[in-house]
$ cat structure-v9.txt   # compact mmCIF, C-alpha atoms
# COMPACT_ATOMS: atom_id res chain seq x y z
CA MET A 1 -76.32 24.79 46.78
CA LYS A 2 -77.94 23.75 50.04
CA THR A 3 -79.06 25.93 52.92
CA GLY A 4 -78.15 25.08 56.49
CA ALA A 5 -81.70 23.82 57.00
CA GLU A 6 -81.32 21.47 54.04
CA VAL A 7 -78.02 20.18 55.41
CA LEU A 8 -79.63 19.54 58.80
CA ALA A 9 -82.64 17.84 57.19
CA GLU A 10 -80.31 15.49 55.27
CA GLN A 11 -78.91 14.47 58.66
CA ASN A 12 -82.48 13.63 59.72
CA PHE A 13 -82.20 16.48 62.26
CA LEU A 14 -79.88 14.34 64.37
CA PRO A 15 -78.48 17.27 66.45
CA LEU A 16 -82.06 18.13 67.53
CA ARG A 17 -83.23 14.68 68.55
CA GLY A 18 -83.70 14.25 72.25
CA LYS A 19 -83.66 18.04 72.68
CA ASN A 20 -86.41 20.26 74.04
CA PHE A 21 -85.70 23.02 71.56
CA ALA A 22 -87.10 26.46 70.72
CA LEU A 23 -87.29 27.68 67.13
CA VAL A 24 -86.82 31.33 66.10
CA THR A 25 -88.32 31.46 62.63
CA ASN A 26 -90.91 32.76 60.19
CA HIS A 27 -92.40 31.81 56.82
CA SER A 28 -89.04 32.22 55.02
CA ALA A 29 -87.53 29.04 56.52
CA MET A 30 -88.22 26.95 53.45
CA VAL A 31 -86.49 23.64 52.72
CA GLY A 32 -87.16 23.21 49.03
CA GLU A 33 -90.94 23.49 48.70
CA VAL A 34 -91.64 22.62 52.35
CA HIS A 35 -91.44 24.82 55.42
CA LEU A 36 -88.90 23.74 58.02
CA LEU A 37 -91.59 23.37 60.68
CA ASP A 38 -93.69 21.05 58.51
CA LEU A 39 -90.63 19.03 57.58
CA MET A 40 -89.68 18.65 61.24
CA LYS A 41 -93.17 17.44 62.08
CA SER A 42 -93.03 14.88 59.27
CA LYS A 43 -89.83 13.53 60.85
CA GLY A 44 -91.36 13.22 64.31
CA LEU A 45 -89.95 16.48 65.70
CA GLN A 46 -91.46 19.74 66.80
CA PRO A 47 -90.22 22.71 68.81
CA ALA A 48 -91.51 23.33 72.30
CA VAL A 49 -92.00 27.00 71.49
CA ILE A 50 -91.70 29.25 68.42
CA PHE A 51 -90.41 32.82 68.50
CA THR A 52 -91.17 35.14 65.58
CA PRO A 53 -89.60 38.40 64.34
CA GLU A 54 -91.21 41.50 62.81
CA HIS A 55 -93.99 40.60 60.32
CA GLY A 56 -94.90 37.46 62.28
CA LEU A 57 -94.76 33.75 61.60
CA LYS A 58 -96.52 34.06 58.25
CA GLY A 59 -94.66 37.22 57.22
CA THR A 60 -97.89 39.02 56.38
CA ALA A 61 -97.96 41.75 59.04
CA GLU A 62 -96.96 45.22 57.89
CA ASP A 63 -93.77 46.84 59.11
CA GLY A 64 -94.10 48.38 62.53
CA VAL A 65 -97.19 46.34 63.47
CA HIS A 66 -96.84 44.72 66.91
CA LEU A 67 -98.26 41.23 67.07
CA ALA A 68 -99.84 39.34 69.96
CA ASP A 69 -98.66 35.90 71.01
CA ASP A 70 -100.44 33.03 69.31
CA SER A 71 -100.17 29.29 68.75
CA SER A 72 -99.60 27.00 65.78
CA ASP A 73 -100.95 23.44 65.99
CA GLY A 74 -100.71 23.63 69.75
CA ILE A 75 -97.19 25.09 69.81
CA PRO A 76 -96.93 28.46 71.61
CA VAL A 77 -95.90 31.26 69.20
CA ILE A 78 -94.32 34.23 70.97
CA SER A 79 -93.77 37.50 69.12
CA LEU A 80 -90.39 39.19 69.54
CA TYR A 81 -91.60 42.37 67.87
CA GLY A 82 -93.42 44.66 70.25
CA ALA A 83 -93.05 45.32 73.95
CA VAL A 84 -91.06 42.07 74.21
CA LYS A 85 -88.12 41.77 71.84
CA GLN A 86 -86.15 39.05 73.59
CA PRO A 87 -87.15 35.62 74.92
CA ARG A 88 -87.88 35.87 78.64
CA GLN A 89 -86.62 33.37 81.16
CA GLU A 90 -90.11 31.98 81.66
CA ASP A 91 -90.38 31.48 77.87
CA LEU A 92 -87.24 29.33 77.91
CA LYS A 93 -88.02 27.19 80.94
CA GLY A 94 -86.94 23.62 80.17
CA ILE A 95 -85.42 24.58 76.80
CA ASP A 96 -81.97 23.09 76.10
CA LEU A 97 -81.38 24.44 72.55
CA ILE A 98 -82.47 27.50 70.55
CA VAL A 99 -82.50 27.12 66.75
CA PHE A 100 -82.56 30.19 64.47
CA ASP A 101 -83.67 29.91 60.83
CA ILE A 102 -84.80 33.07 59.05
CA GLN A 103 -83.92 34.34 55.57
CA ASP A 104 -82.28 37.75 55.98
CA ALA A 105 -81.97 40.66 53.52
CA GLY A 106 -78.31 41.47 54.27
CA VAL A 107 -79.05 44.98 55.56
CA ARG A 108 -78.21 46.45 58.98
CA PHE A 109 -81.58 48.14 59.43
CA TYR A 110 -83.58 45.01 58.56
CA THR A 111 -84.70 43.87 62.01
CA TYR A 112 -84.29 40.10 61.67
CA ILE A 113 -80.62 40.28 62.64
CA SER A 114 -81.54 42.35 65.71
CA THR A 115 -83.94 39.60 66.73
CA MET A 116 -81.17 37.05 66.24
CA GLY A 117 -78.72 38.95 68.44
CA LEU A 118 -81.21 39.48 71.25
CA ALA A 119 -82.16 35.79 71.13
CA MET A 120 -78.45 34.95 71.36
CA GLN A 121 -78.25 37.16 74.44
CA ALA A 122 -81.17 35.33 76.03
CA ALA A 123 -79.53 31.97 75.26
CA ALA A 124 -76.28 33.11 76.88
CA ARG A 125 -78.16 34.46 79.90
CA ASP A 126 -79.82 31.09 80.51
CA GLY A 127 -76.86 28.89 79.49
CA ILE A 128 -78.65 27.49 76.43
CA PRO A 129 -76.74 26.58 73.22
CA PHE A 130 -77.71 28.61 70.13
CA MET A 131 -77.74 27.09 66.65
CA VAL A 132 -77.97 29.12 63.42
CA LEU A 133 -79.14 27.37 60.25
CA ASP A 134 -77.29 29.46 57.72
CA ARG A 135 -78.79 31.00 54.59
CA ALA A 136 -77.41 33.01 51.68
CA ASN A 137 -77.03 36.77 51.82
CA PRO A 138 -79.13 37.85 48.79
CA LEU A 139 -76.75 40.75 48.09
CA GLY A 140 -73.79 38.37 47.98
CA GLY A 141 -70.82 38.05 50.27
CA ASP A 142 -68.47 40.35 48.39
CA TYR A 143 -70.51 43.56 48.39
CA VAL A 144 -70.18 45.83 51.45
CA GLY A 145 -71.49 49.39 51.46
CA GLY A 146 -72.66 52.30 53.59
CA PHE A 147 -71.45 54.16 56.64
CA LEU A 148 -70.83 52.17 59.81
CA ARG A 149 -73.09 52.89 62.75
CA ASP A 150 -71.07 55.44 64.67
CA GLY A 151 -71.92 58.30 66.99
CA ILE A 152 -75.57 57.37 67.48
CA PRO A 153 -77.14 55.13 70.14
CA ALA A 154 -77.86 51.53 69.30
CA SER A 155 -81.50 50.88 68.39
CA PHE A 156 -83.55 47.95 67.19
CA THR A 157 -83.02 49.10 63.58
CA SER A 158 -79.35 49.93 64.07
CA LEU A 159 -78.13 47.50 66.71
CA TYR A 160 -74.60 46.76 65.48
CA PRO A 161 -71.60 48.94 64.47
CA ILE A 162 -71.54 47.53 60.93
CA PRO A 163 -72.18 49.03 57.47
CA ILE A 164 -75.65 49.19 55.92
CA ALA A 165 -74.76 46.25 53.65
CA HIS A 166 -72.39 43.97 55.57
CA GLY A 167 -71.87 41.14 53.06
CA MET A 168 -72.18 38.40 55.68
CA THR A 169 -74.51 35.46 56.17
CA VAL A 170 -76.51 35.32 59.38
CA GLY A 171 -74.20 32.55 60.60
CA GLU A 172 -71.10 34.63 59.96
CA LEU A 173 -72.72 37.68 61.54
CA ALA A 174 -73.68 35.69 64.64
CA GLY A 175 -70.01 34.75 65.09
CA MET A 176 -69.00 38.38 64.72
CA ILE A 177 -71.65 39.64 67.15
CA LYS A 178 -70.33 37.23 69.75
CA GLY A 179 -66.63 37.53 69.00
CA GLU A 180 -66.56 41.32 68.89
CA ALA A 181 -68.86 41.70 71.91
CA MET A 182 -71.35 43.72 69.86
CA LEU A 183 -73.89 42.85 72.54
CA PRO A 184 -73.00 42.32 76.20
CA GLY A 185 -73.09 38.93 77.88
CA LEU A 186 -72.20 36.70 74.92
CA ALA A 187 -68.69 35.58 75.92
CA GLN A 188 -69.83 32.17 77.18
CA LEU A 189 -72.48 31.54 74.52
CA ASP A 190 -72.29 28.07 72.97
CA LEU A 191 -72.79 29.12 69.33
CA LYS A 192 -73.02 26.64 66.47
CA VAL A 193 -73.64 27.32 62.78
CA VAL A 194 -74.97 24.72 60.38
CA ARG A 195 -73.18 25.81 57.24
CA MET A 196 -74.54 25.90 53.73
CA GLN A 197 -72.98 23.79 51.01
CA GLY A 198 -72.07 25.20 47.63
CA TRP A 199 -72.52 28.88 48.40
CA GLN A 200 -69.79 31.23 47.20
CA ARG A 201 -69.29 34.83 48.21
CA ALA A 202 -69.68 36.19 44.67
CA MET A 203 -73.22 34.77 44.44
CA ARG A 204 -76.15 37.14 44.44
CA TRP A 205 -79.57 35.60 44.92
CA PRO A 206 -80.29 34.59 41.29
CA ASP A 207 -76.96 32.72 41.23
CA THR A 208 -78.11 30.40 44.04
CA GLY A 209 -80.87 28.83 41.96
CA LEU A 210 -83.28 29.27 44.88
CA SER A 211 -86.71 30.87 44.57
CA TRP A 212 -87.08 34.15 46.44
CA VAL A 213 -89.63 34.07 49.27
CA ALA A 214 -91.00 37.50 50.16
CA THR A 215 -89.19 37.99 53.46
CA SER A 216 -91.59 40.84 54.30
CA PRO A 217 -94.56 42.35 52.45
CA ASN A 218 -92.52 44.99 50.60
CA LEU A 219 -89.58 42.74 49.73
CA ALA A 220 -91.49 40.45 47.41
CA SER A 221 -88.87 40.36 44.65
CA PHE A 222 -85.10 40.14 44.36
CA GLU A 223 -85.09 43.48 42.56
CA SER A 224 -86.62 45.20 45.59
CA VAL A 225 -84.17 43.42 47.90
CA LEU A 226 -81.19 44.45 45.75
CA LEU A 227 -82.16 48.14 45.84
CA TYR A 228 -83.42 48.17 49.44
CA PRO A 229 -80.06 48.99 51.15
CA GLY A 230 -80.01 52.28 49.23
CA THR A 231 -83.55 53.33 48.39
CA GLY A 232 -84.72 52.04 51.77
CA LEU A 233 -83.04 55.13 53.21
CA LEU A 234 -85.81 57.21 51.61
CA GLU A 235 -88.10 55.94 54.37
CA GLY A 236 -86.36 58.49 56.60
CA THR A 237 -87.20 61.36 54.24
CA SER A 238 -90.26 63.14 52.83
CA ALA A 239 -89.66 61.47 49.44
CA SER A 240 -91.56 58.38 48.34
CA GLU A 241 -89.68 55.08 48.26
CA GLY A 242 -92.45 53.44 46.23
CA ARG A 243 -94.49 51.96 49.06
CA GLY A 244 -98.13 51.77 48.04
CA SER A 245 -97.16 50.56 44.57
CA THR A 246 -96.26 47.24 42.99
CA LEU A 247 -92.60 48.32 42.86
CA PRO A 248 -91.54 49.30 46.39
CA PHE A 249 -87.93 50.49 46.55
CA GLN A 250 -87.81 50.42 42.74
CA LEU A 251 -89.66 53.74 42.49
CA ALA A 252 -88.59 57.04 44.01
CA GLY A 253 -90.06 60.50 43.76
CA TRP A 254 -91.70 63.58 45.20
CA PRO A 255 -94.88 65.43 44.11
CA GLY A 256 -94.23 68.24 41.69
CA ILE A 257 -90.58 67.72 40.80
CA ASP A 258 -89.51 67.31 37.18
CA PRO A 259 -89.19 63.56 36.47
CA LEU A 260 -87.23 64.17 33.27
CA ALA A 261 -84.69 66.29 35.11
CA LEU A 262 -84.43 63.69 37.90
CA ALA A 263 -83.87 60.82 35.44
CA ALA A 264 -81.33 62.83 33.44
CA ARG A 265 -79.42 63.80 36.56
CA LEU A 266 -79.30 60.21 37.81
CA ASN A 267 -78.41 58.66 34.44
CA GLY A 268 -75.59 61.19 34.29
CA GLU A 269 -74.08 59.50 37.34
CA GLN A 270 -73.50 56.40 35.15
CA LEU A 271 -74.23 54.00 37.99
CA ARG A 272 -73.33 50.39 37.32
CA GLY A 273 -76.08 47.99 36.27
CA ILE A 274 -78.81 50.64 36.59
CA ARG A 275 -80.99 52.73 34.28
CA PHE A 276 -83.44 55.41 35.46
CA GLU A 277 -86.72 56.03 33.63
CA PRO A 278 -88.94 59.07 34.33
CA VAL A 279 -92.35 58.05 35.66
CA GLN A 280 -95.45 59.26 37.46
CA PHE A 281 -97.03 57.00 40.05
CA THR A 282 -99.80 57.23 42.62
CA PRO A 283 -99.28 55.43 45.93
CA VAL A 284 -102.45 53.72 47.16
CA ARG A 285 -103.47 51.84 50.26
CA ILE A 286 -102.57 48.16 49.94
CA PRO A 287 -103.95 46.28 52.98
CA GLY A 288 -101.35 44.06 54.59
CA VAL A 289 -98.55 45.66 52.58
CA SER A 290 -98.75 49.43 52.91
CA SER A 291 -101.83 50.88 54.62
CA VAL A 292 -100.57 54.46 54.91
CA PRO A 293 -97.99 55.12 52.17
CA LYS A 294 -96.55 58.60 51.75
CA TYR A 295 -98.61 60.74 49.36
CA ARG A 296 -101.47 58.27 49.35
CA ASP A 297 -103.75 58.88 46.34
CA ARG A 298 -101.53 61.74 45.15
CA GLU A 299 -99.54 61.76 41.94
CA VAL A 300 -95.81 61.53 42.50
CA ASN A 301 -93.21 62.45 39.89
CA GLY A 302 -90.05 60.43 39.96
CA VAL A 303 -88.07 57.59 38.47
CA ARG A 304 -88.32 53.85 38.03
CA ILE A 305 -85.01 52.14 38.73
CA ASP A 306 -84.44 49.48 36.11
CA ILE A 307 -81.78 46.86 36.80
CA THR A 308 -79.84 46.08 33.63
CA ASP A 309 -77.19 43.86 35.24
CA TYR A 310 -77.83 42.69 38.80
CA SER A 311 -74.25 41.50 39.23
CA LYS A 312 -72.89 45.04 38.79
CA VAL A 313 -75.34 47.02 40.92
CA LEU A 314 -73.92 48.88 43.93
CA PRO A 315 -77.07 49.19 46.08
CA VAL A 316 -76.01 51.76 48.68
CA GLU A 317 -74.22 53.95 46.12
CA THR A 318 -77.39 53.89 44.00
CA GLY A 319 -79.45 54.96 47.00
CA ILE A 320 -77.07 57.80 47.83
CA ALA A 321 -77.34 59.09 44.25
CA VAL A 322 -81.16 58.97 44.37
CA LEU A 323 -81.21 60.65 47.78
CA SER A 324 -78.87 63.44 46.65
CA ALA A 325 -80.74 64.07 43.40
CA LEU A 326 -84.13 64.24 45.08
CA HIS A 327 -82.83 66.60 47.78
CA ALA A 328 -81.41 68.90 45.12
CA LEU A 329 -84.63 68.99 43.07
CA VAL A 330 -87.31 69.42 45.74
CA PRO A 331 -88.44 73.04 46.15
CA GLU A 332 -86.07 75.02 48.33
CA PRO A 333 -88.72 76.08 50.88
CA VAL A 334 -89.39 72.42 51.84
CA ARG A 335 -85.79 71.25 51.66
CA PRO A 336 -85.12 71.83 55.38
CA SER A 337 -87.82 69.24 56.18
CA PHE A 338 -86.63 66.72 53.60
CA PHE A 339 -84.99 64.54 56.25
CA ARG A 340 -87.21 63.10 58.95
CA ALA A 341 -86.58 61.78 62.43
CA GLY A 342 -85.02 58.35 62.19
CA PHE A 343 -82.93 58.96 59.08
CA ASP A 344 -79.63 59.10 60.95
CA ASP A 345 -80.57 55.89 62.74
CA MET A 346 -81.00 54.08 59.42
CA ALA A 347 -77.93 55.68 57.85
CA GLY A 348 -75.82 54.80 60.90
CA SER A 349 -74.58 58.30 61.60
CA ALA A 350 -75.28 61.95 60.79
CA GLU A 351 -72.57 62.00 58.12
CA LEU A 352 -74.75 61.04 55.16
CA ARG A 353 -77.48 63.54 55.97
CA LYS A 354 -75.01 66.37 56.53
CA ALA A 355 -73.13 65.60 53.32
CA VAL A 356 -76.35 65.67 51.27
CA GLU A 357 -77.53 68.89 52.96
CA GLN A 358 -74.18 70.52 52.18
CA GLY A 359 -74.49 69.60 48.50
CA GLU A 360 -71.59 67.15 48.36
CA SER A 361 -71.68 65.07 45.20
CA ALA A 362 -73.13 61.57 45.37
CA ALA A 363 -69.87 60.15 44.02
CA GLY A 364 -67.91 62.04 46.66
CA ILE A 365 -70.16 60.82 49.47
CA SER A 366 -69.89 57.22 48.28
CA ALA A 367 -66.11 57.46 48.02
CA ARG A 368 -65.83 58.82 51.56
CA CYS A 369 -68.25 56.22 52.83
CA ASN A 370 -66.32 53.38 51.19
CA GLY A 371 -63.08 54.73 52.62
CA GLU A 372 -64.34 53.79 56.08
CA LEU A 373 -64.98 50.18 55.17
CA SER A 374 -61.41 48.89 55.27
CA ARG A 375 -61.54 48.65 59.06
CA PHE A 376 -64.74 46.61 58.94
CA LEU A 377 -63.47 44.35 56.13
CA ALA A 378 -60.36 43.52 58.14
CA LEU A 379 -62.46 42.86 61.24
CA ARG A 380 -64.94 40.54 59.55
CA GLU A 381 -62.25 38.41 57.90
CA ALA A 382 -61.90 36.19 60.97
CA TYR A 383 -65.61 35.34 60.90
CA LEU A 384 -66.12 34.40 57.25
CA LEU A 385 -67.20 30.78 56.83
CA TYR A 386 -67.27 30.69 53.03
CA GLY A 387 -64.90 31.52 50.19
CA ASP A 388 -65.14 31.33 46.42
CA GLU A 389 -63.91 27.79 45.99
CA PRO A 390 -65.69 25.44 43.57
CA ALA A 391 -69.00 24.26 44.97
CA SER A 392 -67.65 20.82 45.84
CA THR A 393 -65.16 22.33 48.27
CA ALA A 394 -66.99 25.49 49.30
CA GLY A 395 -66.15 26.73 52.78
CA ALA A 396 -63.47 28.72 54.47
CA ALA A 397 -60.25 26.87 55.21
CA GLY A 398 -59.27 26.74 58.85
CA LYS A 399 -62.81 26.87 60.27
CA ALA A 400 -63.33 23.93 62.61
CA THR A 401 -66.30 21.81 61.57
CA ASP A 402 -67.54 18.73 63.36
CA ALA A 403 -68.91 15.62 61.71
CA SER A 404 -72.48 16.93 61.71
CA GLY A 405 -71.52 19.91 59.55
CA LEU A 406 -71.68 22.41 62.39
CA ALA A 407 -69.13 25.18 62.15
CA GLN A 408 -67.80 26.01 65.60
CA LYS A 409 -65.64 29.03 66.30
CA GLU A 410 -64.04 30.46 69.37
CA GLY A 411 -64.88 34.09 69.99
CA HIS A 412 -62.22 36.63 69.10
CA PRO A 413 -61.45 39.37 71.58
CA SER A 414 -63.04 42.70 70.90
CA ARG A 415 -60.71 45.02 69.02
$ encode --input "structure-v9.txt" --output "structure tokens"
Amino acid sequence: MKTGAEVLAEQNFLPLRGKNFALVTNHSAMVGEVHLLDLMKSKGLQPAVIFTPEHGLKGTAEDGVHLADDSSDGIPVISLYGAVKQPRQEDLKGIDLIVFDIQDAGVRFYTYISTMGLAMQAAARDGIPFMVLDRANPLGGDYVGGFLRDGIPASFTSLYPIPIAHGMTVGELAGMIKGEAMLPGLAQLDLKVVRMQGWQRAMRWPDTGLSWVATSPNLASFESVLLYPGTGLLEGTSASEGRGSTLPFQLAGWPGIDPLALAARLNGEQLRGIRFEPVQFTPVRIPGVSSVPKYRDREVNGVRIDITDYSKVLPVETGIAVLSALHALVPEPVRPSFFRAGFDDMAGSAELRKAVEQGESAAGISARCNGELSRFLALREAYLLYGDEPASTAGAAGKATDASGLAQKEGHPSR
């Protein structure tokens, strides 16, 4: 398969030539073994300005760290993670195209898609076309899971009313953000998507044949990415999600609980493609990755989540089971403080927290959660650019595509 950046490179970047363009990107914008920026330079092109998301251009800044503006080989590099989260008018003076190319994790609370939407808003505000170079959703295009954001204010980590795992590429999601007016002011945005070739919705990351680039310091492996939509929710609790170890989001625990009981309880759920092993681990400070992990230098009892079949794993359902089991096994006196501020924001609503606190079964919570998804699945259908056709004909029928390979779609009215 080929990413949108590869498709554009094969066209010798023709749609960019003669343009004074801005590039929203980071280290993940690889074209084979070469970064998109280096490839552009080798072809006699370079952006007028670079905008970067959380973790910075090199992807080495820890989560939550605000970065100062910088430069790269004389090109201004402006951070969109900090006090400024959207390109300002003065940043876009003279710009006639904004190009977005970042590898996403496929999760609502991963902030790269928030950066994309706010950059789209800035483009619409200033009448600048916006081009997305599409990349694969590592979780695949068929898996959707988690409660929709509902009943809580929009935030940078929960900007859109979509499930935790939305099963869309960034190009598809950009079309949906515009078409469903998920952000104001996008009706007149000139949005183009450079589509991938050969990607099918059933593909999870290993099926693409591409090497995984650590999209952020704690998502260094596909295994962590696959579990992140579920175990990432533990960040909003007093339990450890494995930060400060070599297996973030693949470990989960709490000091003092019985790891054998936790593993037995979770294996009893018979979750697909998953096996739980009792472990003890000690989170430590890892500069540039996790400077202040929960329970730093303290022994934590918990489980290691082993993936036995990545194609069968249901990430959010797995996370709900881990969350429920940990809540049930922590000592009762500390249970009221198990959930921390920000959990509902990540979960999308208060429903998940309340269900766990009330002792509802993990299977019951997941079933109720999945019952809400039919509305979203029907809504997203109009924005899907890819099907499961053979690679030679991959792409969704009926989507207008011009000769350069750019998918162009009219916005659908909000409904």
$ atom_distance --input "structure-v9.txt" --atom1 "CA of Asn370 (chain A)" --atom2 "CA of Glu351 (chain A)"
12.7 Å
$ atom_distance --input "structure-v9.txt" --atom1 "CA of Val284 (chain A)" --atom2 "CA of Arg243 (chain A)"
8.4 Å
$ atom_distance --input "structure-v9.txt" --atom1 "CA of Val65 (chain A)" --atom2 "CA of Val84 (chain A)"
13.1 Å
$ closest_residue --input "structure-v9.txt" --among "A:Ile50, A:His66, A:Ser290, A:Asp142" --to "Leu384 (chain A)" --atoms "only C-alpha atoms"
A:Asp142
$ closest_residue --input "structure-v9.txt" --among "A:Ala341, A:Leu189, A:Leu323, A:Met168" --to "Ala363 (chain A)" --atoms "all atoms listed in the file"
A:Leu323
$ axis_aligned_box --input "structure-v9.txt" --around "region 87-97 of chain A" --padding-each-side "8 Å" --output "JSON"
{"center_x": -85.9, "center_y": 29.5, "center_z": 77.1, "size_x": 25.0, "size_y": 28.8, "size_z": 25.1}
$ closest_residue --input "structure-v9.txt" --among "A:Ser337, A:Ser72, A:Gln121, A:Thr215" --to "Lys178 (chain A)" --atoms "all atoms listed in the file"
A:Gln121
$ residues_around --input "structure-v9.txt" --residues "Gly18 (chain A)" --least-positions-apart "4" --cutoff "10 Å" --atoms "all atoms listed in the file" --output "PyMOL selection string"
chain A and resi 14+45+96
$ closest_residue --input "structure-v9.txt" --among "A:Ile102, A:Val213, A:Met346, A:Val303" --to "Tyr160 (chain A)" --atoms "all atoms listed in the file"
A:Met346
$ closest_residue --input "structure-v9.txt" --among "A:Phe338, A:Phe281, A:Phe156, A:Tyr383" --to "Gly82 (chain A)" --atoms "only C-alpha atoms"
A:Phe156
$ residues_around --input "structure-v9.txt" --residues "Gly242 (chain A)" --least-positions-apart "5" --cutoff "7 Å" --atoms "all atoms listed in the file" --output "MDAnalysis selection string"
chainID A and resid 247:252
$ write_last_selection --input "structure-v9.txt" --atoms "C-alpha atoms" --output "PDB file, keeping the file's coordinate frame"
ATOM      1  CA  LEU A 247     -92.600  48.320  42.860  1.00  0.00           C
ATOM      2  CA  PRO A 248     -91.540  49.300  46.390  1.00  0.00           C
ATOM      3  CA  PHE A 249     -87.930  50.490  46.550  1.00  0.00           C
ATOM      4  CA  GLN A 250     -87.810  50.420  42.740  1.00  0.00           C
ATOM      5  CA  LEU A 251     -89.660  53.740  42.490  1.00  0.00           C
ATOM      6  CA  ALA A 252     -88.590  57.040  44.010  1.00  0.00           C
TER       7      ALA A 252
END
$ closest_residue --input "structure-v9.txt" --among "A:Arg135, A:Gln270, A:Phe100, A:Ala9" --to "Asp38 (chain A)" --atoms "all atoms listed in the file"
A:Ala9
$ residues_around --input "structure-v9.txt" --residues "Thr3 (chain A)" --least-positions-apart "2" --cutoff "8 Å" --atoms "only C-alpha atoms" --output "PyMOL selection string"
chain A and resi 1+5-7+31+133-136+195-197
$ residues_near_point --input "structure-v9.txt" --point "(-88.7, 45.8, 70.3)" --cutoff "10 Å" --atoms "all atoms listed in the file" --output "short mmCIF file (atom, residue, chain, number, x, y, z; two decimals) with C-alpha atoms, in the coordinates of the input"
data_model
loop_
_atom_site.label_atom_id
_atom_site.label_comp_id
_atom_site.auth_asym_id
_atom_site.auth_seq_id
_atom_site.Cartn_x
_atom_site.Cartn_y
_atom_site.Cartn_z
CA PRO A 53 -89.60 38.40 64.34
CA GLU A 54 -91.21 41.50 62.81
CA GLY A 64 -94.10 48.38 62.53
CA HIS A 66 -96.84 44.72 66.91
CA SER A 79 -93.77 37.50 69.12
CA LEU A 80 -90.39 39.19 69.54
CA TYR A 81 -91.60 42.37 67.87
CA GLY A 82 -93.42 44.66 70.25
CA ALA A 83 -93.05 45.32 73.95
CA VAL A 84 -91.06 42.07 74.21
CA LYS A 85 -88.12 41.77 71.84
CA GLN A 86 -86.15 39.05 73.59
CA THR A 111 -84.70 43.87 62.01
CA SER A 114 -81.54 42.35 65.71
CA THR A 115 -83.94 39.60 66.73
CA LEU A 118 -81.21 39.48 71.25
CA SER A 155 -81.50 50.88 68.39
CA PHE A 156 -83.55 47.95 67.19
CA THR A 157 -83.02 49.10 63.58
#
$ residues_around --input "structure-v9.txt" --residues "Thr237 (chain A)" --least-positions-apart "4" --cutoff "7 Å" --atoms "all atoms listed in the file" --output "list of chain:residue names"
A:Phe338, A:Phe339, A:Arg340, A:Phe343
$ build_atoms --input "structure-v9.txt" --residues "region 364-373 of chain A" --atoms "N, CA, C and O atoms" --output "CSV table (one decimal), keeping the file's coordinate frame"
chain,number,residue,atom,x,y,z
A,364,GLY,N,-68.8,61.7,45.6
A,364,GLY,CA,-67.9,62.0,46.7
A,364,GLY,C,-68.3,61.4,48.0
A,364,GLY,O,-67.5,61.0,48.8
A,365,ILE,N,-69.7,61.4,48.2
A,365,ILE,CA,-70.2,60.8,49.5
A,365,ILE,C,-69.9,59.3,49.5
A,365,ILE,O,-69.4,58.8,50.5
A,366,SER,N,-70.1,58.7,48.4
A,366,SER,CA,-69.9,57.2,48.3
A,366,SER,C,-68.4,56.9,48.5
A,366,SER,O,-68.1,55.9,49.1
A,367,ALA,N,-67.5,57.7,47.9
A,367,ALA,CA,-66.1,57.5,48.0
A,367,ALA,C,-65.7,57.6,49.5
A,367,ALA,O,-64.9,56.8,50.0
A,368,ARG,N,-66.2,58.6,50.2
A,368,ARG,CA,-65.8,58.8,51.6
A,368,ARG,C,-66.4,57.7,52.4
A,368,ARG,O,-65.7,57.2,53.3
A,369,CYS,N,-67.6,57.3,52.1
A,369,CYS,CA,-68.2,56.2,52.8
A,369,CYS,C,-67.4,54.9,52.7
A,369,CYS,O,-67.1,54.2,53.6
A,370,ASN,N,-67.1,54.6,51.4
A,370,ASN,CA,-66.3,53.4,51.2
A,370,ASN,C,-64.9,53.4,51.8
A,370,ASN,O,-64.3,52.4,52.1
A,371,GLY,N,-64.4,54.6,52.0
A,371,GLY,CA,-63.1,54.7,52.6
A,371,GLY,C,-63.1,54.3,54.1
A,371,GLY,O,-62.0,53.9,54.6
A,372,GLU,N,-64.2,54.2,54.7
A,372,GLU,CA,-64.3,53.8,56.1
A,372,GLU,C,-64.4,52.3,56.2
A,372,GLU,O,-64.4,51.7,57.3
A,373,LEU,N,-64.6,51.6,55.1
A,373,LEU,CA,-65.0,50.2,55.2
A,373,LEU,C,-63.8,49.3,55.4
A,373,LEU,O,-64.0,48.1,55.7
